[in-house]
$ cat data21.cif   # mmCIF, C-alpha atoms
data_coords
loop_
_atom_site.label_atom_id
_atom_site.label_comp_id
_atom_site.auth_asym_id
_atom_site.auth_seq_id
_atom_site.Cartn_x
_atom_site.Cartn_y
_atom_site.Cartn_z
CA MET A 1 0.43 180.77 13.48
CA THR A 2 0.01 184.47 12.72
CA SER A 3 -2.12 186.24 15.31
CA LYS A 4 -5.21 188.06 14.14
CA LYS A 5 -4.97 191.81 13.74
CA VAL A 6 -7.36 193.75 15.94
CA VAL A 7 -9.85 196.19 14.39
CA GLU A 8 -12.02 198.33 16.65
CA LEU A 9 -15.33 199.63 15.33
CA PHE A 10 -16.67 202.72 17.11
CA TYR A 11 -20.32 203.37 16.29
CA ASP A 12 -23.68 204.77 17.38
CA VAL A 13 -27.07 203.48 16.21
CA VAL A 14 -28.21 207.02 15.41
CA SER A 15 -25.66 207.03 12.57
CA PRO A 16 -26.89 205.36 9.34
CA TYR A 17 -23.37 205.21 7.91
CA SER A 18 -22.35 203.29 11.02
CA TRP A 19 -24.93 200.62 10.19
CA LEU A 20 -23.41 200.15 6.76
CA GLY A 21 -19.90 199.96 8.20
CA PHE A 22 -21.07 197.57 10.91
CA GLU A 23 -22.61 195.11 8.46
CA VAL A 24 -19.60 195.15 6.15
CA MET A 25 -17.20 194.50 9.03
CA CYS A 26 -19.37 191.71 10.43
CA ARG A 27 -19.48 190.07 6.99
CA TYR A 28 -15.78 190.32 6.22
CA ARG A 29 -14.11 189.78 9.60
CA HIS A 30 -13.65 186.08 8.87
CA VAL A 31 -12.52 186.68 5.27
CA TRP A 32 -9.93 189.20 6.48
CA ASN A 33 -9.11 187.01 9.51
CA ILE A 34 -9.36 189.91 11.95
CA GLU A 35 -10.50 190.21 15.53
CA LEU A 36 -13.35 192.70 15.38
CA LYS A 37 -13.99 194.57 18.59
CA LEU A 38 -17.33 196.38 18.79
CA ARG A 39 -17.03 199.71 20.60
CA PRO A 40 -20.49 201.26 21.12
CA ALA A 41 -20.06 204.97 21.87
CA PHE A 42 -22.07 208.20 21.90
CA LEU A 43 -22.00 210.26 18.71
CA GLY A 44 -23.34 213.36 20.49
CA GLY A 45 -20.24 213.36 22.68
CA ILE A 46 -18.02 212.97 19.62
CA MET A 47 -19.63 215.93 17.85
CA GLN A 48 -19.29 218.11 20.93
CA GLY A 49 -15.78 216.97 21.80
CA SER A 50 -14.44 217.38 18.26
CA GLY A 51 -16.32 220.57 17.40
CA ASN A 52 -17.94 218.94 14.38
CA LYS A 53 -21.26 220.19 12.98
CA PRO A 54 -24.21 218.00 11.96
CA PRO A 55 -24.89 217.64 8.21
CA ASP A 56 -28.31 219.33 8.39
CA LEU A 57 -26.52 222.65 8.96
CA VAL A 58 -25.18 222.40 5.39
CA PRO A 59 -28.23 221.97 3.10
CA ASN A 60 -26.32 220.61 0.11
CA LYS A 61 -24.51 218.11 2.32
CA PHE A 62 -27.78 216.90 3.81
CA LEU A 63 -29.37 216.48 0.36
CA TYR A 64 -26.35 214.55 -0.87
CA MET A 65 -26.35 212.34 2.23
CA THR A 66 -29.98 211.37 1.61
CA LYS A 67 -29.23 210.22 -1.95
CA ASP A 68 -25.93 208.64 -0.95
CA LEU A 69 -27.52 206.50 1.76
CA THR A 70 -30.12 205.18 -0.70
CA ARG A 71 -27.41 204.11 -3.13
CA LEU A 72 -25.22 202.57 -0.45
CA ALA A 73 -28.11 200.70 1.17
CA GLU A 74 -28.90 199.06 -2.16
CA TYR A 75 -25.24 198.29 -2.87
CA PHE A 76 -24.54 196.70 0.51
CA GLY A 77 -27.93 195.00 0.81
CA VAL A 78 -28.90 196.74 4.04
CA PRO A 79 -32.62 197.58 4.50
CA LEU A 80 -31.92 201.19 5.36
CA GLN A 81 -34.46 203.93 4.74
CA ALA A 82 -34.79 207.33 6.36
CA PRO A 83 -37.32 207.84 9.16
CA SER A 84 -40.21 210.22 8.56
CA ASP A 85 -38.49 212.97 10.56
CA PRO A 86 -34.70 212.44 10.51
CA PHE A 87 -34.02 215.71 12.32
CA GLU A 88 -36.21 214.74 15.26
CA VAL A 89 -34.75 211.25 15.42
CA MET A 90 -31.10 212.28 15.18
CA PHE A 91 -30.94 215.62 16.92
CA GLN A 92 -33.96 215.97 19.21
CA LYS A 93 -34.49 212.45 20.55
CA GLY A 94 -30.93 211.27 20.07
CA SER A 95 -29.44 207.95 21.10
CA LEU A 96 -28.02 208.33 24.61
CA SER A 97 -30.40 205.88 26.28
CA ALA A 98 -30.01 203.41 23.40
CA MET A 99 -26.21 203.48 23.54
CA ARG A 100 -26.23 203.08 27.30
CA PHE A 101 -28.45 200.06 26.74
CA VAL A 102 -25.99 198.58 24.24
CA ALA A 103 -23.11 199.32 26.60
CA ALA A 104 -25.01 197.49 29.34
CA VAL A 105 -25.51 194.46 27.08
CA GLN A 106 -21.77 194.44 26.45
CA GLU A 107 -20.96 194.87 30.13
CA ARG A 108 -22.86 191.75 31.16
CA GLU A 109 -22.06 189.57 28.15
CA LYS A 110 -19.20 187.13 28.61
CA GLY A 111 -17.20 185.42 25.91
CA GLY A 112 -17.80 187.57 22.88
CA ASP A 113 -20.09 190.20 21.38
CA LYS A 114 -22.88 188.09 19.87
CA GLN A 115 -25.63 189.69 21.95
CA VAL A 116 -24.16 193.15 21.39
CA GLU A 117 -24.16 192.54 17.65
CA ARG A 118 -27.77 191.32 17.58
CA VAL A 119 -29.16 194.04 19.88
CA THR A 120 -27.30 196.74 17.98
CA ARG A 121 -28.69 195.51 14.67
CA GLU A 122 -32.25 195.46 16.01
CA LEU A 123 -31.90 199.04 17.23
CA TRP A 124 -30.66 200.12 13.80
CA LYS A 125 -33.63 198.37 12.21
CA ARG A 126 -36.01 200.24 14.49
CA ILE A 127 -34.65 203.68 13.75
CA TRP A 128 -33.38 203.31 10.17
CA SER A 129 -35.77 200.77 8.67
CA GLU A 130 -39.02 200.67 10.65
CA ASP A 131 -39.22 204.33 11.79
CA LYS A 132 -39.72 203.31 15.41
CA ASP A 133 -38.61 204.78 18.73
CA ILE A 134 -35.29 203.85 20.42
CA THR A 135 -35.51 206.11 23.46
CA GLU A 136 -38.12 204.50 25.71
CA PRO A 137 -37.43 201.43 27.90
CA ALA A 138 -40.25 199.51 26.19
CA SER A 139 -38.66 200.20 22.80
CA LEU A 140 -35.27 199.00 23.99
CA ALA A 141 -36.86 195.91 25.52
CA GLU A 142 -38.63 195.08 22.26
CA ALA A 143 -35.37 195.33 20.32
CA ALA A 144 -33.60 193.12 22.85
CA MET A 145 -36.42 190.55 22.73
CA LYS A 146 -36.10 190.34 18.93
CA ALA A 147 -32.36 189.92 19.42
CA GLY A 148 -33.01 186.83 21.52
CA LEU A 149 -32.59 188.09 25.08
CA SER A 150 -34.82 186.60 27.75
CA ASP A 151 -37.18 188.65 29.92
CA ARG A 152 -34.78 188.24 32.83
CA GLU A 153 -31.81 189.38 30.77
CA ILE A 154 -33.72 192.39 29.44
CA LYS A 155 -34.71 193.43 32.96
CA GLU A 156 -31.09 193.16 34.11
CA VAL A 157 -29.81 195.16 31.13
CA LEU A 158 -32.39 197.93 31.61
CA GLU A 159 -31.38 198.26 35.26
CA LEU A 160 -27.69 198.18 34.41
CA SER A 161 -28.09 200.77 31.64
CA ILE A 162 -28.95 203.52 34.14
CA SER A 163 -26.13 202.64 36.52
CA LYS A 164 -23.12 204.87 37.07
CA GLU A 165 -20.91 201.99 35.97
CA VAL A 166 -22.41 201.83 32.48
CA LYS A 167 -22.71 205.59 32.11
CA ASN A 168 -18.98 205.84 32.82
CA LYS A 169 -18.27 202.95 30.45
CA LEU A 170 -19.98 204.77 27.58
CA LYS A 171 -18.18 208.02 28.43
CA SER A 172 -14.87 206.18 28.52
CA THR A 173 -15.41 204.54 25.14
CA THR A 174 -16.46 207.86 23.63
CA GLN A 175 -13.30 209.46 25.02
CA ASP A 176 -11.23 206.61 23.57
CA ALA A 177 -12.69 207.44 20.17
CA LEU A 178 -11.85 211.12 20.60
CA ASP A 179 -8.32 210.21 21.66
CA HIS A 180 -7.95 208.31 18.37
CA GLY A 181 -9.01 211.47 16.51
CA ALA A 182 -12.72 210.81 15.98
CA PHE A 183 -14.95 213.54 14.57
CA GLY A 184 -17.83 211.30 13.51
CA PHE A 185 -18.90 207.67 13.09
CA PRO A 186 -18.30 205.02 11.99
CA MET A 187 -14.66 205.01 12.96
CA LEU A 188 -12.37 202.03 12.51
CA VAL A 189 -9.06 201.69 14.33
CA CYS A 190 -6.73 199.03 12.96
CA HIS A 191 -3.88 197.88 15.18
CA VAL A 192 -0.97 196.88 12.98
CA ASN A 193 2.50 196.21 14.38
CA GLY A 194 1.60 197.99 17.59
CA LYS A 195 0.47 201.13 15.78
CA PRO A 196 -3.17 202.27 15.59
CA GLU A 197 -4.41 203.45 12.20
CA MET A 198 -7.73 205.34 12.13
CA PHE A 199 -10.21 205.25 9.24
CA PHE A 200 -13.41 207.29 9.16
CA GLY A 201 -16.61 206.46 7.29
CA SER A 202 -18.08 203.50 5.45
CA ASP A 203 -16.08 203.96 2.25
CA ARG A 204 -12.51 203.20 3.36
CA PHE A 205 -12.63 199.42 3.45
CA GLU A 206 -10.15 198.94 0.60
CA LEU A 207 -7.59 201.15 2.33
CA MET A 208 -8.25 199.40 5.63
CA ALA A 209 -7.79 195.98 4.02
CA HIS A 210 -4.52 197.16 2.48
CA CYS A 211 -3.40 198.42 5.90
CA ILE A 212 -4.04 195.14 7.70
CA GLY A 213 -2.46 193.15 4.86
#
$ encode --input "data21.cif" --output "structure tokens"
Amino acid sequence: MTSKKVVELFYDVVSPYSWLGFEVMCRYRHVWNIELKLRPAFLGGIMQGSGNKPPDLVPNKFLYMTKDLTRLAEYFGVPLQAPSDPFEVMFQKGSLSAMRFVAAVQEREKGGDKQVERVTRELWKRIWSEDKDITEPASLAEAAMKAGLSDREIKEVLELSISKEVKNKLKSTTQDALDHGAFGFPMLVCHVNGKPEMFFGSDRFELMAHCIG
């Protein structure tokens, strides 16, 4: 029996393109017979570490991104729509507490990433579909509740999310992404014949599929 090829998905819920990439990979992992590893990381650390600049600093790029996301959301069937103030959401409030929360869910979950997948999706819905907060503990708890976590589990995750252990876990995953050459999200790393191949963005799935055979 041929072993499954491993594909790592590095993402942050503040990134709308990451949501699109996330849903496509979750849909096709069984079709492509891959082992999908979810790698929640911090986009702010990627931007700083790589020296990349946010799209709002290039007006034409930001205008294009707005139209592009609308088209892609319709094409992929993802209920994505921009929040009322994207700049505040992405660059003032940010996603550090949310990604620590997701990292904490992953840290305590055993035997897969089902809870991580569901919690991540609910956080994307809040920020990129319902125009709701993802920075306050109550907001994170509400997302986790919708994802099926119990009150006890949510309490444990909230406590774990502010621990040094989880903060270091998120830093480590972010550094792993940088070591693979990340400059933004989503980033996919396909491991084929012992060699990692990096793909950036939510429009490289054909090339990725060709790479993994």
$ residues_around --input "data21.cif" --residues "Gly51 in chain A" --least-positions-apart "3" --cutoff "12 Å" --atoms "all atoms listed in the file" --output "PyMOL selection string"
chain A and resi 43-48+54+178+181-184
$ atom_distance --input "data21.cif" --atom1 "CA of Val166 in chain A" --atom2 "CA of Ala104 in chain A"
6.0 Å
$ resolve_selection --input "data21.cif" --expression "the PyMOL selection byres ((chain A and resi 107) around 10)" --output "PDB file with C-alpha atoms, in the frame of the given file"
ATOM      1  CA  PHE A 101     -28.450 200.060  26.740  1.00  0.00           C
ATOM      2  CA  VAL A 102     -25.990 198.580  24.240  1.00  0.00           C
ATOM      3  CA  ALA A 103     -23.110 199.320  26.600  1.00  0.00           C
ATOM      4  CA  ALA A 104     -25.010 197.490  29.340  1.00  0.00           C
ATOM      5  CA  VAL A 105     -25.510 194.460  27.080  1.00  0.00           C
ATOM      6  CA  GLN A 106     -21.770 194.440  26.450  1.00  0.00           C
ATOM      7  CA  ARG A 108     -22.860 191.750  31.160  1.00  0.00           C
ATOM      8  CA  GLU A 109     -22.060 189.570  28.150  1.00  0.00           C
ATOM      9  CA  LYS A 110     -19.200 187.130  28.610  1.00  0.00           C
ATOM     10  CA  ASP A 113     -20.090 190.200  21.380  1.00  0.00           C
ATOM     11  CA  VAL A 116     -24.160 193.150  21.390  1.00  0.00           C
ATOM     12  CA  VAL A 157     -29.810 195.160  31.130  1.00  0.00           C
ATOM     13  CA  LEU A 160     -27.690 198.180  34.410  1.00  0.00           C
ATOM     14  CA  SER A 161     -28.090 200.770  31.640  1.00  0.00           C
ATOM     15  CA  GLU A 165     -20.910 201.990  35.970  1.00  0.00           C
ATOM     16  CA  VAL A 166     -22.410 201.830  32.480  1.00  0.00           C
ATOM     17  CA  LYS A 169     -18.270 202.950  30.450  1.00  0.00           C
TER      18      LYS A 169
END
$ residues_around --input "data21.cif" --residues "Arg118 in chain A" --least-positions-apart "2" --cutoff "12 Å" --atoms "all atoms listed in the file" --output "tab-separated table (two decimals) with C-alpha atoms, keeping the file's coordinate frame"
chain	number	residue	atom	x	y	z
A	22	PHE	CA	-21.07	197.57	10.91
A	23	GLU	CA	-22.61	195.11	8.46
A	26	CYS	CA	-19.37	191.71	10.43
A	38	LEU	CA	-17.33	196.38	18.79
A	102	VAL	CA	-25.99	198.58	24.24
A	105	VAL	CA	-25.51	194.46	27.08
A	106	GLN	CA	-21.77	194.44	26.45
A	112	GLY	CA	-17.80	187.57	22.88
A	113	ASP	CA	-20.09	190.20	21.38
A	114	LYS	CA	-22.88	188.09	19.87
A	115	GLN	CA	-25.63	189.69	21.95
A	116	VAL	CA	-24.16	193.15	21.39
A	120	THR	CA	-27.30	196.74	17.98
A	121	ARG	CA	-28.69	195.51	14.67
A	122	GLU	CA	-32.25	195.46	16.01
A	123	LEU	CA	-31.90	199.04	17.23
A	124	TRP	CA	-30.66	200.12	13.80
A	125	LYS	CA	-33.63	198.37	12.21
A	143	ALA	CA	-35.37	195.33	20.32
A	144	ALA	CA	-33.60	193.12	22.85
A	145	MET	CA	-36.42	190.55	22.73
A	146	LYS	CA	-36.10	190.34	18.93
A	147	ALA	CA	-32.36	189.92	19.42
A	148	GLY	CA	-33.01	186.83	21.52
A	149	LEU	CA	-32.59	188.09	25.08
$ closest_residue --input "data21.cif" --among "A:His191, A:Glu88, A:Thr66, A:Glu159" --to "Glu35 in chain A" --atoms "all atoms listed in the file"
A:His191
$ atom_distance --input "data21.cif" --atom1 "CA of Ala98 in chain A" --atom2 "CA of Leu57 in chain A"
24.3 Å
$ residues_around --input "data21.cif" --residues "Lys4 in chain A" --least-positions-apart "6" --cutoff "12 Å" --atoms "all atoms listed in the file" --output "list in words"
Arg29, His30, Val31, Trp32, Asn33, Ile34, Glu35, Leu36, Lys37, Cys190, His191, Val192, Asn193, Ile212 and Gly213 of chain A
$ atom_distance --input "data21.cif" --atom1 "CA of Asp131 in chain A" --atom2 "CA of Asp203 in chain A"
25.0 Å
$ resolve_selection --input "data21.cif" --expression "the PyMOL selection byres ((chain A and resi 89-93) around 12)" --output "PyMOL selection string"
chain A and resi 12-16+42-44+47+53-57+82-88+94-98+124+126-128+131-136
$ write_last_selection --input "data21.cif" --atoms "C-alpha atoms" --output "PDB file, keeping the file's coordinate frame"
ATOM      1  CA  ASP A  12     -23.680 204.770  17.380  1.00  0.00           C
ATOM      2  CA  VAL A  13     -27.070 203.480  16.210  1.00  0.00           C
ATOM      3  CA  VAL A  14     -28.210 207.020  15.410  1.00  0.00           C
ATOM      4  CA  SER A  15     -25.660 207.030  12.570  1.00  0.00           C
ATOM      5  CA  PRO A  16     -26.890 205.360   9.340  1.00  0.00           C
ATOM      6  CA  PHE A  42     -22.070 208.200  21.900  1.00  0.00           C
ATOM      7  CA  LEU A  43     -22.000 210.260  18.710  1.00  0.00           C
ATOM      8  CA  GLY A  44     -23.340 213.360  20.490  1.00  0.00           C
ATOM      9  CA  MET A  47     -19.630 215.930  17.850  1.00  0.00           C
ATOM     10  CA  LYS A  53     -21.260 220.190  12.980  1.00  0.00           C
ATOM     11  CA  PRO A  54     -24.210 218.000  11.960  1.00  0.00           C
ATOM     12  CA  PRO A  55     -24.890 217.640   8.210  1.00  0.00           C
ATOM     13  CA  ASP A  56     -28.310 219.330   8.390  1.00  0.00           C
ATOM     14  CA  LEU A  57     -26.520 222.650   8.960  1.00  0.00           C
ATOM     15  CA  ALA A  82     -34.790 207.330   6.360  1.00  0.00           C
ATOM     16  CA  PRO A  83     -37.320 207.840   9.160  1.00  0.00           C
ATOM     17  CA  SER A  84     -40.210 210.220   8.560  1.00  0.00           C
ATOM     18  CA  ASP A  85     -38.490 212.970  10.560  1.00  0.00           C
ATOM     19  CA  PRO A  86     -34.700 212.440  10.510  1.00  0.00           C
ATOM     20  CA  PHE A  87     -34.020 215.710  12.320  1.00  0.00           C
ATOM     21  CA  GLU A  88     -36.210 214.740  15.260  1.00  0.00           C
ATOM     22  CA  GLY A  94     -30.930 211.270  20.070  1.00  0.00           C
ATOM     23  CA  SER A  95     -29.440 207.950  21.100  1.00  0.00           C
ATOM     24  CA  LEU A  96     -28.020 208.330  24.610  1.00  0.00           C
ATOM     25  CA  SER A  97     -30.400 205.880  26.280  1.00  0.00           C
ATOM     26  CA  ALA A  98     -30.010 203.410  23.400  1.00  0.00           C
ATOM     27  CA  TRP A 124     -30.660 200.120  13.800  1.00  0.00           C
ATOM     28  CA  ARG A 126     -36.010 200.240  14.490  1.00  0.00           C
ATOM     29  CA  ILE A 127     -34.650 203.680  13.750  1.00  0.00           C
ATOM     30  CA  TRP A 128     -33.380 203.310  10.170  1.00  0.00           C
ATOM     31  CA  ASP A 131     -39.220 204.330  11.790  1.00  0.00           C
ATOM     32  CA  LYS A 132     -39.720 203.310  15.410  1.00  0.00           C
ATOM     33  CA  ASP A 133     -38.610 204.780  18.730  1.00  0.00           C
ATOM     34  CA  ILE A 134     -35.290 203.850  20.420  1.00  0.00           C
ATOM     35  CA  THR A 135     -35.510 206.110  23.460  1.00  0.00           C
ATOM     36  CA  GLU A 136     -38.120 204.500  25.710  1.00  0.00           C
TER      37      GLU A 136
END
$ residues_around --input "data21.cif" --residues "Ala177 in chain A" --least-positions-apart "5" --cutoff "12 Å" --atoms "all atoms listed in the file" --output "PDB file with C-alpha atoms, in the coordinates of the input"
ATOM      1  CA  GLU A   8     -12.020 198.330  16.650  1.00  0.00           C
ATOM      2  CA  LEU A   9     -15.330 199.630  15.330  1.00  0.00           C
ATOM      3  CA  PHE A  10     -16.670 202.720  17.110  1.00  0.00           C
ATOM      4  CA  TYR A  11     -20.320 203.370  16.290  1.00  0.00           C
ATOM      5  CA  ASP A  12     -23.680 204.770  17.380  1.00  0.00           C
ATOM      6  CA  ARG A  39     -17.030 199.710  20.600  1.00  0.00           C
ATOM      7  CA  PRO A  40     -20.490 201.260  21.120  1.00  0.00           C
ATOM      8  CA  ALA A  41     -20.060 204.970  21.870  1.00  0.00           C
ATOM      9  CA  PHE A  42     -22.070 208.200  21.900  1.00  0.00           C
ATOM     10  CA  LEU A  43     -22.000 210.260  18.710  1.00  0.00           C
ATOM     11  CA  GLY A  45     -20.240 213.360  22.680  1.00  0.00           C
ATOM     12  CA  ILE A  46     -18.020 212.970  19.620  1.00  0.00           C
ATOM     13  CA  MET A  47     -19.630 215.930  17.850  1.00  0.00           C
ATOM     14  CA  GLY A  49     -15.780 216.970  21.800  1.00  0.00           C
ATOM     15  CA  SER A  50     -14.440 217.380  18.260  1.00  0.00           C
ATOM     16  CA  LEU A 170     -19.980 204.770  27.580  1.00  0.00           C
ATOM     17  CA  LYS A 171     -18.180 208.020  28.430  1.00  0.00           C
ATOM     18  CA  SER A 172     -14.870 206.180  28.520  1.00  0.00           C
ATOM     19  CA  ALA A 182     -12.720 210.810  15.980  1.00  0.00           C
ATOM     20  CA  PHE A 183     -14.950 213.540  14.570  1.00  0.00           C
ATOM     21  CA  GLY A 184     -17.830 211.300  13.510  1.00  0.00           C
ATOM     22  CA  PHE A 185     -18.900 207.670  13.090  1.00  0.00           C
ATOM     23  CA  PRO A 186     -18.300 205.020  11.990  1.00  0.00           C
ATOM     24  CA  MET A 187     -14.660 205.010  12.960  1.00  0.00           C
ATOM     25  CA  LEU A 188     -12.370 202.030  12.510  1.00  0.00           C
ATOM     26  CA  VAL A 189      -9.060 201.690  14.330  1.00  0.00           C
ATOM     27  CA  PRO A 196      -3.170 202.270  15.590  1.00  0.00           C
ATOM     28  CA  MET A 198      -7.730 205.340  12.130  1.00  0.00           C
ATOM     29  CA  PHE A 199     -10.210 205.250   9.240  1.00  0.00           C
ATOM     30  CA  PHE A 200     -13.410 207.290   9.160  1.00  0.00           C
TER      31      PHE A 200
END
$ closest_residue --input "data21.cif" --among "A:Met99, A:Lys61, A:Leu72, A:Ser139" --to "Ser202 in chain A" --atoms "only C-alpha atoms"
A:Leu72
$ decode --input "data21.cif" --residues "range 71-161 of chain A" --atoms "C-alpha atoms" --output "PDB file, in the first residue's frame"
ATOM      1  CA  ARG A  71     -15.312  36.164  -7.288  1.00  0.00           C
ATOM      2  CA  LEU A  72     -13.425  33.410  -5.484  1.00  0.00           C
ATOM      3  CA  ALA A  73     -15.977  33.167  -2.676  1.00  0.00           C
ATOM      4  CA  GLU A  74     -18.716  32.574  -5.232  1.00  0.00           C
ATOM      5  CA  TYR A  75     -16.611  30.090  -7.199  1.00  0.00           C
ATOM      6  CA  PHE A  76     -15.615  27.993  -4.179  1.00  0.00           C
ATOM      7  CA  GLY A  77     -18.967  28.314  -2.416  1.00  0.00           C
ATOM      8  CA  VAL A  78     -17.550  29.927   0.714  1.00  0.00           C
ATOM      9  CA  PRO A  79     -19.763  32.533   2.469  1.00  0.00           C
ATOM     10  CA  LEU A  80     -17.007  35.118   2.567  1.00  0.00           C
ATOM     11  CA  GLN A  81     -17.739  38.836   2.649  1.00  0.00           C
ATOM     12  CA  ALA A  82     -15.585  41.693   3.857  1.00  0.00           C
ATOM     13  CA  PRO A  83     -16.170  43.135   7.334  1.00  0.00           C
ATOM     14  CA  SER A  84     -17.349  46.731   7.617  1.00  0.00           C
ATOM     15  CA  ASP A  85     -13.830  47.926   8.467  1.00  0.00           C
ATOM     16  CA  PRO A  86     -11.249  45.488   7.039  1.00  0.00           C
ATOM     17  CA  PHE A  87      -8.323  47.690   8.051  1.00  0.00           C
ATOM     18  CA  GLU A  88      -9.361  47.688  11.702  1.00  0.00           C
ATOM     19  CA  VAL A  89     -10.025  43.960  11.696  1.00  0.00           C
ATOM     20  CA  MET A  90      -6.804  42.943   9.961  1.00  0.00           C
ATOM     21  CA  PHE A  91      -4.256  45.483  11.096  1.00  0.00           C
ATOM     22  CA  GLN A  92      -5.494  47.108  14.312  1.00  0.00           C
ATOM     23  CA  LYS A  93      -7.225  44.269  16.156  1.00  0.00           C
ATOM     24  CA  GLY A  94      -5.328  41.454  14.487  1.00  0.00           C
ATOM     25  CA  SER A  95      -5.527  37.755  15.252  1.00  0.00           C
ATOM     26  CA  LEU A  96      -2.905  36.935  17.878  1.00  0.00           C
ATOM     27  CA  SER A  97      -5.356  35.928  20.606  1.00  0.00           C
ATOM     28  CA  ALA A  98      -7.461  33.961  18.108  1.00  0.00           C
ATOM     29  CA  MET A  99      -4.486  32.012  16.768  1.00  0.00           C
ATOM     30  CA  ARG A 100      -3.262  31.268  20.269  1.00  0.00           C
ATOM     31  CA  PHE A 101      -6.749  29.946  20.963  1.00  0.00           C
ATOM     32  CA  VAL A 102      -6.617  27.688  17.896  1.00  0.00           C
ATOM     33  CA  ALA A 103      -3.128  26.538  18.877  1.00  0.00           C
ATOM     34  CA  ALA A 104      -4.485  25.687  22.323  1.00  0.00           C
ATOM     35  CA  VAL A 105      -7.314  23.641  20.800  1.00  0.00           C
ATOM     36  CA  GLN A 106      -4.731  21.730  18.790  1.00  0.00           C
ATOM     37  CA  GLU A 107      -2.470  21.260  21.803  1.00  0.00           C
ATOM     38  CA  ARG A 108      -5.156  19.505  23.837  1.00  0.00           C
ATOM     39  CA  GLU A 109      -6.848  17.585  21.031  1.00  0.00           C
ATOM     40  CA  LYS A 110      -5.777  13.979  20.637  1.00  0.00           C
ATOM     41  CA  GLY A 111      -6.188  11.777  17.602  1.00  0.00           C
ATOM     42  CA  GLY A 112      -6.677  14.251  14.804  1.00  0.00           C
ATOM     43  CA  ASP A 113      -7.618  17.843  14.001  1.00  0.00           C
ATOM     44  CA  LYS A 114     -11.425  17.692  13.924  1.00  0.00           C
ATOM     45  CA  GLN A 115     -11.877  20.250  16.701  1.00  0.00           C
ATOM     46  CA  VAL A 116      -9.166  22.465  15.221  1.00  0.00           C
ATOM     47  CA  GLU A 117     -10.920  22.365  11.859  1.00  0.00           C
ATOM     48  CA  ARG A 118     -14.328  23.242  13.317  1.00  0.00           C
ATOM     49  CA  VAL A 119     -13.078  26.008  15.641  1.00  0.00           C
ATOM     50  CA  THR A 120     -10.981  27.523  12.875  1.00  0.00           C
ATOM     51  CA  ARG A 121     -13.953  27.583  10.517  1.00  0.00           C
ATOM     52  CA  GLU A 122     -16.167  29.258  13.119  1.00  0.00           C
ATOM     53  CA  LEU A 123     -13.558  31.965  13.686  1.00  0.00           C
ATOM     54  CA  TRP A 124     -13.366  32.608   9.939  1.00  0.00           C
ATOM     55  CA  LYS A 125     -17.151  32.866   9.825  1.00  0.00           C
ATOM     56  CA  ARG A 126     -17.112  35.437  12.605  1.00  0.00           C
ATOM     57  CA  ILE A 127     -14.555  37.713  11.006  1.00  0.00           C
ATOM     58  CA  TRP A 128     -15.161  37.135   7.279  1.00  0.00           C
ATOM     59  CA  SER A 129     -18.882  36.408   7.119  1.00  0.00           C
ATOM     60  CA  GLU A 130     -20.645  37.810  10.187  1.00  0.00           C
ATOM     61  CA  ASP A 131     -18.444  40.880  10.881  1.00  0.00           C
ATOM     62  CA  LYS A 132     -17.961  39.872  14.514  1.00  0.00           C
ATOM     63  CA  ASP A 133     -15.076  40.156  16.955  1.00  0.00           C
ATOM     64  CA  ILE A 134     -12.393  37.440  17.342  1.00  0.00           C
ATOM     65  CA  THR A 135     -10.208  39.127  19.949  1.00  0.00           C
ATOM     66  CA  GLU A 136     -12.171  38.886  23.203  1.00  0.00           C
ATOM     67  CA  PRO A 137     -12.413  35.688  25.306  1.00  0.00           C
ATOM     68  CA  ALA A 138     -16.220  35.740  25.037  1.00  0.00           C
ATOM     69  CA  SER A 139     -15.956  35.869  21.241  1.00  0.00           C
ATOM     70  CA  LEU A 140     -13.545  32.935  21.172  1.00  0.00           C
ATOM     71  CA  ALA A 141     -15.778  30.998  23.547  1.00  0.00           C
ATOM     72  CA  GLU A 142     -18.817  31.587  21.334  1.00  0.00           C
ATOM     73  CA  ALA A 143     -16.960  30.308  18.277  1.00  0.00           C
ATOM     74  CA  ALA A 144     -15.797  27.231  20.179  1.00  0.00           C
ATOM     75  CA  MET A 145     -19.326  26.556  21.442  1.00  0.00           C
ATOM     76  CA  LYS A 146     -20.655  26.638  17.868  1.00  0.00           C
ATOM     77  CA  ALA A 147     -17.843  24.259  16.933  1.00  0.00           C
ATOM     78  CA  GLY A 148     -19.151  21.765  19.467  1.00  0.00           C
ATOM     79  CA  LEU A 149     -16.801  22.205  22.420  1.00  0.00           C
ATOM     80  CA  SER A 150     -18.258  21.824  25.898  1.00  0.00           C
ATOM     81  CA  ASP A 151     -18.145  24.546  28.544  1.00  0.00           C
ATOM     82  CA  ARG A 152     -15.415  22.619  30.343  1.00  0.00           C
ATOM     83  CA  GLU A 153     -13.353  22.251  27.182  1.00  0.00           C
ATOM     84  CA  ILE A 154     -13.732  25.941  26.348  1.00  0.00           C
ATOM     85  CA  LYS A 155     -12.590  26.947  29.827  1.00  0.00           C
ATOM     86  CA  GLU A 156      -9.539  24.689  29.530  1.00  0.00           C
ATOM     87  CA  VAL A 157      -8.659  26.036  26.079  1.00  0.00           C
ATOM     88  CA  LEU A 158      -8.989  29.668  27.175  1.00  0.00           C
ATOM     89  CA  GLU A 159      -6.647  29.017  30.099  1.00  0.00           C
ATOM     90  CA  LEU A 160      -4.204  27.105  27.913  1.00  0.00           C
ATOM     91  CA  SER A 161      -4.220  29.812  25.233  1.00  0.00           C
TER      92      SER A 161
END
